[in-house]
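Next comes input-v6.tsv, a file with TSV, C-alpha atoms.
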chain	number	residue	atom	x	y	z
A	1	MET	CA	68.79	-80.51	2.11
A	2	LYS	CA	67.00	-79.39	-1.09
A	3	LYS	CA	64.93	-82.57	-1.04
A	4	SER	CA	63.79	-81.79	2.55
A	5	ILE	CA	62.77	-78.26	1.58
A	6	LYS	CA	60.69	-79.60	-1.32
A	7	ILE	CA	58.92	-82.07	0.96
A	8	ILE	CA	58.10	-79.31	3.48
A	9	PHE	CA	56.76	-77.04	0.73
A	10	PHE	CA	54.63	-79.88	-0.68
A	11	ILE	CA	53.08	-80.59	2.73
A	12	ALA	CA	52.25	-76.89	3.22
A	13	LEU	CA	50.70	-76.70	-0.24
A	14	VAL	CA	48.51	-79.78	0.34
A	15	SER	CA	47.40	-78.34	3.69
A	16	THR	CA	46.39	-75.13	1.95
A	17	LEU	CA	44.33	-76.96	-0.68
A	18	THR	CA	42.46	-79.10	1.83
A	19	ASN	CA	41.83	-76.47	4.50
A	20	CYS	CA	39.06	-73.94	3.90
A	21	ASN	CA	41.06	-71.15	5.51
A	22	GLY	CA	44.35	-72.08	3.91
A	23	GLN	CA	45.93	-70.52	6.98
A	24	VAL	CA	48.83	-72.11	8.85
A	25	LYS	CA	51.09	-70.03	11.05
A	26	ASN	CA	54.82	-70.52	10.85
A	27	ASP	CA	55.83	-67.34	12.64
A	28	LYS	CA	56.70	-68.51	16.15
A	29	LYS	CA	56.97	-64.99	17.57
A	30	GLN	CA	53.56	-64.05	16.18
A	31	THR	CA	52.04	-67.19	17.71
A	32	GLU	CA	53.48	-66.44	21.11
A	33	ILE	CA	52.15	-62.89	21.08
A	34	LYS	CA	48.63	-63.90	20.00
A	35	ILE	CA	48.12	-67.06	22.03
A	36	ASP	CA	45.26	-65.69	24.16
A	37	LYS	CA	42.41	-65.80	21.66
A	38	ASN	CA	39.89	-64.80	24.33
A	39	ARG	CA	41.33	-61.28	24.31
A	40	LEU	CA	42.11	-60.81	20.63
A	41	VAL	CA	39.71	-58.85	18.45
A	42	GLY	CA	38.27	-61.52	16.19
A	43	GLY	CA	39.46	-64.33	18.44
A	44	GLY	CA	42.59	-65.03	16.41
A	45	CYS	CA	43.25	-65.33	12.72
A	46	ASP	CA	45.68	-68.05	11.64
A	47	GLY	CA	47.50	-66.91	8.53
A	48	CYS	CA	46.09	-63.39	8.46
A	49	GLU	CA	49.48	-62.05	9.50
A	50	LEU	CA	50.55	-62.76	5.92
A	51	MET	CA	48.57	-59.67	4.92
A	52	TYR	CA	51.64	-57.67	5.97
A	53	VAL	CA	53.99	-59.63	3.71
A	54	GLY	CA	54.49	-57.51	0.62
A	55	MET	CA	51.88	-54.97	1.69
A	56	PRO	CA	52.30	-51.75	-0.35
A	57	LYS	CA	53.05	-48.53	1.52
A	58	ASN	CA	50.36	-46.67	-0.37
A	59	ILE	CA	47.23	-48.80	-0.73
A	60	LYS	CA	44.51	-47.49	-3.01
A	61	SER	CA	40.75	-48.01	-2.84
A	62	ILE	CA	40.81	-49.82	-6.20
A	63	ASP	CA	42.98	-52.86	-6.87
A	64	THR	CA	43.43	-55.08	-9.92
A	65	SER	CA	44.70	-58.54	-9.04
A	66	THR	CA	47.36	-60.41	-10.98
A	67	GLY	CA	44.63	-62.84	-12.00
A	68	TRP	CA	42.79	-60.17	-14.01
A	69	THR	CA	44.82	-60.90	-17.17
A	70	GLU	CA	44.69	-64.66	-16.72
A	71	LYS	CA	42.19	-67.26	-17.87
A	72	GLY	CA	38.91	-67.07	-15.99
A	73	GLN	CA	35.64	-65.17	-15.55
A	74	LYS	CA	36.37	-61.49	-14.91
A	75	LEU	CA	34.85	-60.25	-11.66
A	76	LEU	CA	34.38	-56.87	-9.98
A	77	ILE	CA	33.67	-56.79	-6.24
A	78	THR	CA	32.72	-53.32	-5.11
A	79	GLY	CA	31.00	-51.79	-2.12
A	80	THR	CA	31.27	-49.74	1.05
A	81	VAL	CA	32.91	-50.42	4.39
A	82	TYR	CA	30.73	-49.22	7.28
A	83	LYS	CA	31.38	-48.68	10.96
A	84	ILE	CA	29.56	-50.92	13.41
A	85	GLY	CA	25.82	-50.41	13.02
A	86	GLY	CA	26.09	-50.32	9.23
A	87	LYS	CA	25.16	-46.68	8.58
A	88	ILE	CA	28.36	-44.59	8.81
A	89	PRO	CA	31.07	-45.15	6.15
A	90	ALA	CA	34.49	-46.16	7.49
A	91	PRO	CA	37.56	-44.76	5.69
A	92	ASN	CA	41.14	-46.10	5.72
A	93	VAL	CA	40.23	-49.73	6.39
A	94	VAL	CA	42.52	-52.25	4.71
A	95	ILE	CA	40.96	-55.34	3.13
A	96	TYR	CA	43.44	-58.08	2.25
A	97	TYR	CA	42.22	-60.81	-0.10
A	98	TRP	CA	43.65	-64.01	-1.51
A	99	GLN	CA	42.14	-66.69	-3.71
A	100	THR	CA	42.64	-69.70	-5.94
A	101	ASP	CA	43.26	-69.40	-9.65
A	102	ASN	CA	41.04	-70.63	-12.46
A	103	TYR	CA	42.08	-74.21	-11.72
A	104	GLY	CA	41.39	-74.14	-7.97
A	105	TYR	CA	44.97	-73.78	-6.76
A	106	TYR	CA	46.76	-71.18	-4.64
A	107	SER	CA	49.44	-71.11	-7.27
A	108	PRO	CA	52.69	-69.34	-6.35
A	109	LYS	CA	54.86	-67.39	-8.76
A	110	VAL	CA	58.59	-67.27	-9.12
A	111	GLY	CA	60.05	-64.44	-7.04
A	112	MET	CA	57.24	-64.35	-4.47
A	113	ASP	CA	58.10	-64.13	-0.80
A	114	GLU	CA	58.32	-67.68	0.53
A	115	GLN	CA	55.70	-67.06	3.24
A	116	ALA	CA	53.22	-65.48	0.85
A	117	LYS	CA	53.38	-68.45	-1.53
A	118	ARG	CA	50.88	-70.24	0.68
A	119	HIS	CA	48.26	-67.70	-0.35
A	120	GLY	CA	49.12	-67.99	-4.02
A	121	HIS	CA	49.88	-65.19	-6.46
A	122	ILE	CA	46.29	-63.86	-6.73
A	123	ARG	CA	46.33	-61.70	-3.62
A	124	GLY	CA	46.06	-57.99	-2.98
A	125	TRP	CA	44.95	-55.07	-0.83
A	126	VAL	CA	42.45	-52.24	-0.97
A	127	LYS	CA	41.94	-49.40	1.50
A	128	SER	CA	38.49	-47.83	1.79
A	129	ASP	CA	38.45	-44.20	0.63
A	130	GLU	CA	37.01	-41.20	2.47
A	131	ASN	CA	33.49	-42.45	1.66
A	132	GLY	CA	34.24	-46.03	2.66
A	133	LYS	CA	34.28	-47.22	-0.97
A	134	TYR	CA	36.47	-50.00	-2.36
A	135	SER	CA	36.70	-52.04	-5.59
A	136	ILE	CA	38.56	-55.23	-6.50
A	137	TYR	CA	39.02	-56.36	-10.11
A	138	THR	CA	39.92	-60.03	-10.28
A	139	ILE	CA	38.65	-63.35	-11.64
A	140	ARG	CA	36.22	-65.80	-10.10
A	141	PRO	CA	38.16	-68.40	-8.16
A	142	ALA	CA	37.64	-72.06	-8.97
A	143	PRO	CA	36.76	-74.51	-6.19
A	144	TYR	CA	39.41	-76.87	-4.87
A	145	PRO	CA	39.89	-79.84	-7.24
A	146	ASN	CA	38.00	-82.99	-6.21
A	147	ASP	CA	36.37	-81.23	-3.26
A	148	ASP	CA	32.82	-80.17	-2.38
A	149	MET	CA	33.86	-76.87	-0.80
A	150	PRO	CA	32.35	-73.84	-2.57
A	151	ALA	CA	34.67	-71.51	-4.45
A	152	HIS	CA	35.68	-68.61	-2.22
A	153	ILE	CA	37.88	-65.57	-1.71
A	154	HIS	CA	39.55	-65.20	1.68
A	155	THR	CA	39.44	-61.76	3.32
A	156	SER	CA	40.94	-60.17	6.39
A	157	ILE	CA	40.57	-56.69	7.84
A	158	LYS	CA	42.95	-54.19	9.41
A	159	GLU	CA	41.30	-51.16	10.95
A	160	PRO	CA	43.43	-48.06	11.57
A	161	ASN	CA	42.59	-47.86	15.30
A	162	ILE	CA	42.57	-51.56	16.21
A	163	GLU	CA	45.85	-53.40	16.73
A	164	ASP	CA	44.64	-56.87	15.71
A	165	GLU	CA	43.79	-57.91	12.19
A	166	TYR	CA	40.77	-60.21	11.93
A	167	TYR	CA	39.03	-62.26	9.28
A	168	ILE	CA	35.55	-61.71	7.93
A	169	ASP	CA	33.36	-64.20	6.08
A	170	GLU	CA	34.92	-65.59	2.95
A	171	PHE	CA	33.31	-64.31	-0.22
A	172	VAL	CA	31.27	-67.14	-1.72
A	173	PHE	CA	28.90	-67.11	-4.68
A	174	ASP	CA	25.13	-67.37	-4.52
A	175	ASP	CA	24.97	-69.23	-7.85
A	176	ASP	CA	27.58	-71.83	-6.85
A	177	ILE	CA	25.95	-75.28	-6.79
A	178	LEU	CA	28.42	-76.29	-4.07
A	179	LEU	CA	26.94	-73.65	-1.74
A	180	THR	CA	24.24	-75.86	-0.26
A	181	GLY	CA	21.55	-74.79	2.20
A	182	LYS	CA	23.43	-76.50	5.01
A	183	LYS	CA	26.63	-74.62	4.17
A	184	ARG	CA	24.77	-71.32	3.96
A	185	LYS	CA	23.40	-71.82	7.47
A	186	ALA	CA	26.92	-72.54	8.73
A	187	LEU	CA	28.23	-69.12	7.62
A	188	GLU	CA	29.31	-66.92	10.53
A	189	ASN	CA	28.24	-63.58	9.00
A	190	ARG	CA	31.42	-61.95	10.29
A	191	GLY	CA	31.38	-58.45	8.85
A	192	GLY	CA	28.04	-59.31	7.29
A	193	SER	CA	27.02	-62.03	4.88
A	194	GLY	CA	29.84	-63.14	2.59
A	195	VAL	CA	27.46	-64.35	-0.12
A	196	LEU	CA	28.11	-62.53	-3.41
A	197	ARG	CA	25.23	-62.20	-5.85
A	198	VAL	CA	26.66	-61.43	-9.24
A	199	LEU	CA	25.10	-59.34	-11.99
A	200	ILE	CA	26.15	-59.32	-15.62
A	201	ASP	CA	27.78	-56.35	-17.39
A	202	LYS	CA	28.77	-57.70	-20.82
A	203	ASP	CA	31.71	-60.06	-20.13
A	204	LEU	CA	32.12	-58.82	-16.55
A	205	GLN	CA	30.41	-60.19	-13.46
A	206	VAL	CA	29.70	-57.51	-10.82
A	207	ALA	CA	29.06	-58.18	-7.15
A	208	GLU	CA	28.15	-55.34	-4.80
A	209	HIS	CA	29.26	-56.20	-1.29
A	210	ASN	CA	29.27	-54.03	1.83
A	211	VAL	CA	31.33	-54.80	4.92
A	212	VAL	CA	30.10	-53.87	8.42
A	213	LEU	CA	32.99	-53.61	10.85
A	214	GLY	CA	32.58	-55.40	14.16
A	215	LEU	CA	29.47	-57.33	13.12
A	216	ASN	CA	29.66	-60.77	14.76
A	217	ILE	CA	33.35	-60.16	15.55
A	218	PRO	CA	34.37	-61.51	19.00
A	219	ASN	CA	35.96	-59.05	21.45
A	220	TYR	CA	35.22	-56.07	19.22
A	221	PRO	CA	35.90	-52.92	21.30
A	222	GLU	CA	32.82	-50.99	20.17
A	223	LYS	CA	29.15	-51.81	20.56
A	224	ASN	CA	26.21	-50.99	18.33
A	225	GLN	CA	24.59	-47.97	19.99
A	226	ALA	CA	21.08	-48.79	18.79
A	227	GLN	CA	18.83	-48.55	21.86
A	228	LEU	CA	16.18	-51.00	20.67
A	229	ASN	CA	17.16	-54.49	19.62
A	230	SER	CA	14.96	-56.04	16.98
A	231	GLY	CA	15.79	-57.75	13.71
A	232	LEU	CA	18.98	-58.89	12.05
A	233	GLU	CA	21.78	-56.41	11.51
A	234	ILE	CA	22.56	-54.33	8.47
A	235	GLY	CA	24.95	-56.32	6.31
A	236	GLU	CA	23.36	-59.69	6.97
A	237	ASP	CA	21.12	-61.51	4.51
A	238	ASN	CA	17.36	-61.25	4.80
A	239	PRO	CA	16.44	-64.88	5.56
A	240	SER	CA	13.96	-67.06	3.75
A	241	PHE	CA	10.68	-67.52	5.62
A	242	THR	CA	7.09	-68.33	4.66
A	243	PRO	CA	4.33	-66.20	6.21
A	244	PHE	CA	0.73	-66.79	5.20
A	245	HIS	CA	-0.46	-64.20	2.65
A	246	ALA	CA	-3.91	-62.97	3.68
A	247	PHE	CA	-4.13	-60.15	1.14
A	248	GLY	CA	-2.17	-59.06	-1.93
A	249	PRO	CA	-0.58	-60.63	-5.03
A	250	ASP	CA	0.08	-64.03	-3.39
A	251	LYS	CA	-3.15	-64.24	-1.38
A	252	GLY	CA	-3.89	-67.70	0.02
A	253	THR	CA	-0.32	-68.98	-0.20
A	254	LYS	CA	2.69	-69.35	2.05
A	255	THR	CA	5.25	-67.53	-0.07
A	256	CYS	CA	8.78	-66.47	0.83
A	257	PRO	CA	9.11	-62.71	0.17
A	258	VAL	CA	12.86	-62.76	-0.41
A	259	CYS	CA	12.92	-65.92	-2.52
A	260	LYS	CA	10.27	-64.75	-4.98
A	261	TYR	CA	10.87	-61.00	-5.07
A	262	GLY	CA	14.40	-60.54	-3.77
A	263	ARG	CA	16.13	-59.17	-6.84
A	264	PHE	CA	15.63	-55.43	-6.26
A	265	HIS	CA	14.46	-53.47	-3.21
A	266	GLY	CA	12.19	-54.94	-0.58
A	267	ILE	CA	10.68	-53.64	2.66
A	268	VAL	CA	9.48	-56.03	5.36
A	269	TYR	CA	7.35	-54.21	7.90
A	270	PHE	CA	7.01	-56.30	11.08
A	271	VAL	CA	4.40	-55.61	13.77
A	272	GLY	CA	4.09	-57.80	16.86
A	273	ASN	CA	2.21	-57.72	20.15
A	274	ASN	CA	1.63	-53.97	20.34
A	275	PRO	CA	-0.13	-52.90	17.14
A	276	ASN	CA	-1.09	-49.26	16.71
A	277	TRP	CA	-3.65	-49.57	13.92
A	278	ASP	CA	-3.80	-45.86	13.11
A	279	ASN	CA	-0.05	-45.85	12.61
A	280	ILE	CA	-0.20	-49.11	10.66
A	281	LYS	CA	-2.76	-47.66	8.25
A	282	ASP	CA	-0.66	-44.54	7.69
A	283	TRP	CA	2.44	-46.62	7.01
A	284	LEU	CA	0.67	-49.01	4.66
A	285	SER	CA	-0.85	-46.14	2.68
A	286	PHE	CA	2.57	-44.56	2.25
A	287	LEU	CA	4.27	-47.85	1.36
A	288	GLU	CA	1.56	-48.64	-1.19
A	289	LEU	CA	2.28	-45.34	-2.96
A	290	GLU	CA	6.00	-46.15	-2.96
A	291	SER	CA	5.26	-49.58	-4.46
A	292	VAL	CA	3.15	-48.05	-7.21
A	293	SER	CA	5.71	-45.38	-8.12
A	294	ARG	CA	8.68	-47.78	-8.07
A	295	ASN	CA	6.80	-50.59	-9.82
A	296	LYS	CA	8.80	-53.85	-10.07
A	297	TYR	CA	11.76	-52.33	-8.25
A	298	LEU	CA	10.09	-52.44	-4.84
A	299	LYS	CA	8.08	-55.10	-3.02
A	300	VAL	CA	6.53	-54.37	0.38
A	301	TYR	CA	5.39	-56.94	2.96
A	302	PHE	CA	3.49	-56.36	6.16
A	303	VAL	CA	4.15	-59.25	8.56
A	304	TYR	CA	1.84	-59.38	11.56
A	305	GLY	CA	3.10	-61.58	14.38
A	306	ASN	CA	0.87	-60.84	17.39
A	307	ASP	CA	0.76	-64.04	19.46
A	308	LYS	CA	-2.02	-62.82	21.77
A	309	ASN	CA	-5.33	-64.64	21.22
A	310	TYR	CA	-4.06	-66.00	17.89
A	311	SER	CA	-6.59	-67.49	15.49
A	312	LYS	CA	-5.66	-68.12	11.88
A	313	GLU	CA	-9.20	-67.53	10.61
A	314	LYS	CA	-9.67	-64.28	12.55
A	315	ARG	CA	-6.19	-63.04	11.60
A	316	GLN	CA	-6.83	-63.73	7.93
A	317	GLN	CA	-10.17	-61.92	7.98
A	318	GLU	CA	-8.67	-59.00	9.92
A	319	LEU	CA	-5.99	-58.43	7.29
A	320	GLU	CA	-8.40	-58.91	4.40
A	321	ASN	CA	-10.62	-56.19	5.85
A	322	LEU	CA	-7.59	-53.94	6.26
A	323	GLY	CA	-6.45	-54.45	2.67
A	324	ASN	CA	-9.89	-53.68	1.30
A	325	GLU	CA	-10.29	-50.61	3.52
A	326	LEU	CA	-7.00	-49.15	2.25
A	327	ASN	CA	-7.56	-50.36	-1.33
A	328	LEU	CA	-4.11	-51.96	-1.45
A	329	LYS	CA	-3.01	-53.43	-4.78
A	330	ASN	CA	0.71	-54.15	-4.49
A	331	THR	CA	1.42	-54.46	-0.78
A	332	ALA	CA	1.26	-57.96	0.69
A	333	LEU	CA	-0.47	-58.36	4.07
A	334	THR	CA	0.87	-61.50	5.74
A	335	PHE	CA	0.89	-63.06	9.18
A	336	VAL	CA	2.57	-65.70	11.34
A	337	PRO	CA	1.41	-67.18	14.68
A	338	SER	CA	4.28	-65.44	16.47
A	339	PHE	CA	7.76	-64.11	15.73
A	340	SER	CA	9.22	-67.18	17.43
A	341	ASP	CA	7.41	-69.54	15.04
A	342	LYS	CA	9.81	-72.13	13.62
A	343	GLU	CA	7.47	-73.72	11.10
A	344	SER	CA	7.38	-70.55	8.98
A	345	GLU	CA	11.00	-69.83	10.01
A	346	VAL	CA	10.06	-66.23	10.79
A	347	ASN	CA	12.14	-66.74	13.95
A	348	LEU	CA	15.25	-66.38	11.79
A	349	ASN	CA	14.46	-62.66	11.51
A	350	LYS	CA	15.00	-62.19	15.28
A	351	ILE	CA	12.14	-59.71	15.64
A	352	ASN	CA	11.34	-58.32	19.07
A	353	PRO	CA	7.52	-58.68	19.38
A	354	GLU	CA	7.29	-55.99	22.07
A	355	VAL	CA	8.45	-53.04	19.92
A	356	GLU	CA	5.78	-51.26	17.91
A	357	ASN	CA	7.39	-51.99	14.56
A	358	THR	CA	10.56	-53.10	12.81
A	359	PHE	CA	11.33	-52.04	9.24
A	360	VAL	CA	13.89	-54.09	7.34
A	361	ILE	CA	15.00	-52.77	3.95
A	362	TYR	CA	16.91	-55.08	1.65
A	363	ARG	CA	18.44	-54.91	-1.80
A	364	ASN	CA	19.24	-58.05	-3.73
A	365	ARG	CA	18.41	-59.99	-0.55
A	366	ALA	CA	21.02	-58.23	1.63
A	367	ILE	CA	19.84	-55.97	4.48
A	368	ILE	CA	20.85	-52.38	3.74
A	369	ASP	CA	18.95	-50.54	6.48
A	370	LYS	CA	16.76	-51.14	9.51
A	371	PHE	CA	14.52	-48.98	11.69
A	372	VAL	CA	12.76	-49.79	14.96
A	373	ASP	CA	9.73	-47.99	16.42
A	374	LEU	CA	9.46	-45.63	13.47
A	375	LYS	CA	6.50	-43.23	13.58
A	376	PRO	CA	4.54	-42.43	10.39
A	377	THR	CA	5.69	-38.83	10.03
A	378	LYS	CA	6.57	-36.87	6.91
A	379	GLU	CA	10.23	-36.90	7.99
A	380	ASN	CA	10.24	-40.68	8.33
A	381	PHE	CA	8.43	-41.15	5.03
A	382	ASN	CA	11.23	-39.13	3.43
A	383	LEU	CA	13.79	-41.21	5.30
A	384	ILE	CA	12.47	-44.42	3.71
A	385	SER	CA	12.25	-42.84	0.24
A	386	GLN	CA	15.77	-41.44	0.47
A	387	THR	CA	17.14	-44.80	1.61
A	388	LEU	CA	15.69	-46.43	-1.49
A	389	ASP	CA	16.92	-43.65	-3.77
A	390	LYS	CA	20.49	-43.53	-2.51
A	391	THR	CA	20.96	-47.30	-2.74
A	392	LYS	CA	20.20	-47.37	-6.45
A	393	ASN	CA	23.28	-47.02	-8.64
A	394	GLY	CA	24.69	-47.92	-12.01
A	395	TYR	CA	24.61	-51.64	-11.19
A	396	PHE	CA	21.01	-51.71	-9.94
A	397	ASN	CA	19.43	-52.67	-13.28
A	398	LEU	CA	22.07	-55.11	-14.48
A	399	PRO	CA	20.66	-58.56	-15.28
A	400	GLU	CA	21.31	-61.64	-13.19
A	401	PRO	CA	23.01	-64.72	-14.68
A	402	LYS	CA	20.58	-66.96	-16.54

Do you think you could lay out the structure here as structure tokens?
Amino acid sequence: MKKSIKIIFFIALVSTLTNCNGQVKNDKKQTEIKIDKNRLVGGGCDGCELMYVGMPKNIKSIDTSTGWTEKGQKLLITGTVYKIGGKIPAPNVVIYYWQTDNYGYYSPKVGMDEQAKRHGHIRGWVKSDENGKYSIYTIRPAPYPNDDMPAHIHTSIKEPNIEDEYYIDEFVFDDDILLTGKKRKALENRGGSGVLRVLIDKDLQVAEHNVVLGLNIPNYPEKNQAQLNSGLEIGEDNPSFTPFHAFGPDKGTKTCPVCKYGRFHGIVYFVGNNPNWDNIKDWLSFLELESVSRNKYLKVYFVYGNDKNYSKEKRQQELENLGNELNLKNTALTFVPSFSDKESEVNLNKINPEVENTFVIYRNRAIIDKFVDLKPTKENFNLISQTLDKTKNGYFNLPEPK
């Protein structure tokens, strides 16, 4: 009998190490209840029910994992949980996490609940506070031994007013050589991008990561109330694309804004088939002043994507004249043939060419705010400035890994 139990445990452990999710249900009753994935929020989450095994009665917004005192690179993951739409903080949301140890194993500990052993001993919970904030102190997980899967931390969510738990994108690391371009494109962006970009604070790596509830979650009961649909959602990564730079620091090149200048704040100002040139000039004048005052901490890009009567030569001359008229020094004036253009990959931004404008604000390459059809008023100028100010914090100036 003991030999049979050992064999069963070994099979479960091997399955965990070779499966990205490490999630295998063995609760028959739970399976029967949640068999209709077409109705479940999130579409089903094999293994996420283990978040309830050993869950503390009083979960705090800050958790220190059992791995913190073990061998490995110390890591802080901290951020805000937002309601759908990405602008209103969401309190009392439970995030359950589990990960491999410094050797790439979901290593159990003596005395653990038998079910929870499949997730290893480095597991824990945080609950967002009244401002949506959470922090996890742990170590960087190692990738599975002899595997090309990137190192990752599994996460699942339990909202207070939704019966079903659901998974969000695993946390992976931007500097992981196993995170190839192909694997990045395969990410689901559930709850936002799961890519962590670490900064260095002495011997601690810090990754700021916000979660947007409902984003790319099947069967989610609420909808984003934004009336105009243009651009990717808050919480997703600003994609790489290569517009032609007609005026500004990279004039004459096809340079990716996020790739070259993505470390701090960036604003990408998209205008499509309905340009209002008086409004464009007012916006560019304001954004140029912001660029000057914030220096290296802000890069601004105007991306013109009008596909009507497109001519590269005329478009280039048009933007050169505009840059000279406004005496722009820091703001880049760029263009693409259309917002559906695949060669420049501007299509990845999902811009609606029929709206007057789309403003995408990012920090460290992650989208932190978005505005559509924004008029150049004093109130809206303040709105942009305040967005930049409030998203700077004590981690903003930390260096990246070499």

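Comparing the minimum interatomic distances between A:Asn131 and each of A:Tyr52, A:Tyr167, A:Tyr362, A:Tyr82, counting only C-alpha atoms, we find that A:Tyr82 sits nearest.
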
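Neighbours of A:Val346 closer than or equal to 10 Å, with only C-alpha atoms counted and sequence neighbours fewer than 2 positions away skipped, come out as A:Pro239, A:Ser240, A:Phe241, A:Thr242, A:Pro243, A:Val303, A:Gly305, A:Phe335, A:Val336, A:Pro337, A:Ser338, A:Phe339, A:Ser340, A:Asp341, A:Lys342, A:Glu343, A:Ser344, A:Leu348, A:Asn349, A:Lys350, A:Ile351.
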
Original post:
Got a sec: who's within 6 Å of A:Phe359, counting only C-alpha atoms, leaving out chain neighbours fewer than 6 positions off, as an NGL selection string?
Top reply: :A and (268-269 or 370-371)

Taking C-alpha atoms for each residue, export the selection above as an mmCIF file, keeping the file's coordinate frame.
data_model
loop_
_atom_site.group_PDB
_atom_site.id
_atom_site.type_symbol
_atom_site.label_atom_id
_atom_site.label_comp_id
_atom_site.auth_asym_id
_atom_site.auth_seq_id
_atom_site.Cartn_x
_atom_site.Cartn_y
_atom_site.Cartn_z
ATOM 1 C CA VAL A 268 9.480 -56.030 5.360
ATOM 2 C CA TYR A 269 7.350 -54.210 7.900
ATOM 3 C CA LYS A 370 16.760 -51.140 9.510
ATOM 4 C CA PHE A 371 14.520 -48.980 11.690
#

**OP:** Rank A:Val93, A:Ile217, A:Val211, A:Val198 by their smallest atom-to-atom distance to A:Gly44, using all atoms listed in the file, and report the top residue only.
**Re:** A:Ile217

Subject >> Neighbour list for A:Gln317 as a VMD selection string, cut-off 12 Å, all atoms listed in the file, skip fewer than 3 positions in-chain >> reply: chain A and resid 245 to 247 251 to 252 311 to 314 320 to 324 333 to 335

**OP:** Find the residues around A:Glu208 up to 12 Å (only C-alpha atoms counted), leave out those fewer than 3 positions away in its own chain, and share them as number ranges by chain.
**Re:** A: 75-81, 133-136, 171, 173, 193-200, 205, 211, 235, 363-366, 368, 391-396, 398

What does the file look like for those residues with C-alpha atoms, as an mmCIF file, in the frame of the given file?
data_model
loop_
_atom_site.group_PDB
_atom_site.id
_atom_site.type_symbol
_atom_site.label_atom_id
_atom_site.label_comp_id
_atom_site.auth_asym_id
_atom_site.auth_seq_id
_atom_site.Cartn_x
_atom_site.Cartn_y
_atom_site.Cartn_z
ATOM 1 C CA LEU A 75 34.850 -60.250 -11.660
ATOM 2 C CA LEU A 76 34.380 -56.870 -9.980
ATOM 3 C CA ILE A 77 33.670 -56.790 -6.240
ATOM 4 C CA THR A 78 32.720 -53.320 -5.110
ATOM 5 C CA GLY A 79 31.000 -51.790 -2.120
ATOM 6 C CA THR A 80 31.270 -49.740 1.050
ATOM 7 C CA VAL A 81 32.910 -50.420 4.390
ATOM 8 C CA LYS A 133 34.280 -47.220 -0.970
ATOM 9 C CA TYR A 134 36.470 -50.000 -2.360
ATOM 10 C CA SER A 135 36.700 -52.040 -5.590
ATOM 11 C CA ILE A 136 38.560 -55.230 -6.500
ATOM 12 C CA PHE A 171 33.310 -64.310 -0.220
ATOM 13 C CA PHE A 173 28.900 -67.110 -4.680
ATOM 14 C CA SER A 193 27.020 -62.030 4.880
ATOM 15 C CA GLY A 194 29.840 -63.140 2.590
ATOM 16 C CA VAL A 195 27.460 -64.350 -0.120
ATOM 17 C CA LEU A 196 28.110 -62.530 -3.410
ATOM 18 C CA ARG A 197 25.230 -62.200 -5.850
ATOM 19 C CA VAL A 198 26.660 -61.430 -9.240
ATOM 20 C CA LEU A 199 25.100 -59.340 -11.990
ATOM 21 C CA ILE A 200 26.150 -59.320 -15.620
ATOM 22 C CA GLN A 205 30.410 -60.190 -13.460
ATOM 23 C CA VAL A 211 31.330 -54.800 4.920
ATOM 24 C CA GLY A 235 24.950 -56.320 6.310
ATOM 25 C CA ARG A 363 18.440 -54.910 -1.800
ATOM 26 C CA ASN A 364 19.240 -58.050 -3.730
ATOM 27 C CA ARG A 365 18.410 -59.990 -0.550
ATOM 28 C CA ALA A 366 21.020 -58.230 1.630
ATOM 29 C CA ILE A 368 20.850 -52.380 3.740
ATOM 30 C CA THR A 391 20.960 -47.300 -2.740
ATOM 31 C CA LYS A 392 20.200 -47.370 -6.450
ATOM 32 C CA ASN A 393 23.280 -47.020 -8.640
ATOM 33 C CA GLY A 394 24.690 -47.920 -12.010
ATOM 34 C CA TYR A 395 24.610 -51.640 -11.190
ATOM 35 C CA PHE A 396 21.010 -51.710 -9.940
ATOM 36 C CA LEU A 398 22.070 -55.110 -14.480
#

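In this structure, atom CA of A:Asn273 sits 23.7 Å away from atom CA of A:Val258.
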
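Nearest to A:Tyr166 of all the residues A:Cys45, A:Gly67, A:Ala151, A:Asp250 is A:Cys45, based on all atoms listed in the file.
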
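Shortest atom-to-atom contact with A:His265 among A:Ile384, A:Val110, A:Leu213, A:Leu284: A:Ile384, counting all atoms listed in the file.
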
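Between atom CA of A:Tyr144 and atom CA of A:Leu178 the separation is 11.0 Å.
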
**OP:** Write out as an MDAnalysis selection string which residues come within 8 Å of stretch 328-330 of chain A when counting all atoms listed in the file, dropping same-chain ones fewer than 2 positions away.
**Re:** chainID A and resid 248:249 285 288 291:292 299:300 323:324 326 332

Would you compute the box with edges along x, y and z of the file around stretch 378-393 of chain A, including every atom the file lists for it and 3 Å extra on each side, and give its centre and edge lengths in Å to one decimal, as lines of an AutoDock Vina configuration file?
center_x = 14.9
center_y = -42.1
center_z = -0.2
size_x = 22.7
size_y = 16.5
size_z = 23.0

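Of note, atom CA of A:Thr64 and atom CA of A:Arg263 are spaced 27.8 Å apart.
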
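Restricting the calculation to all atoms listed in the file, the smallest distance between A:Pro399 and any of A:Tyr220, A:Phe264, A:Phe381, A:Tyr105 is found for A:Phe264.
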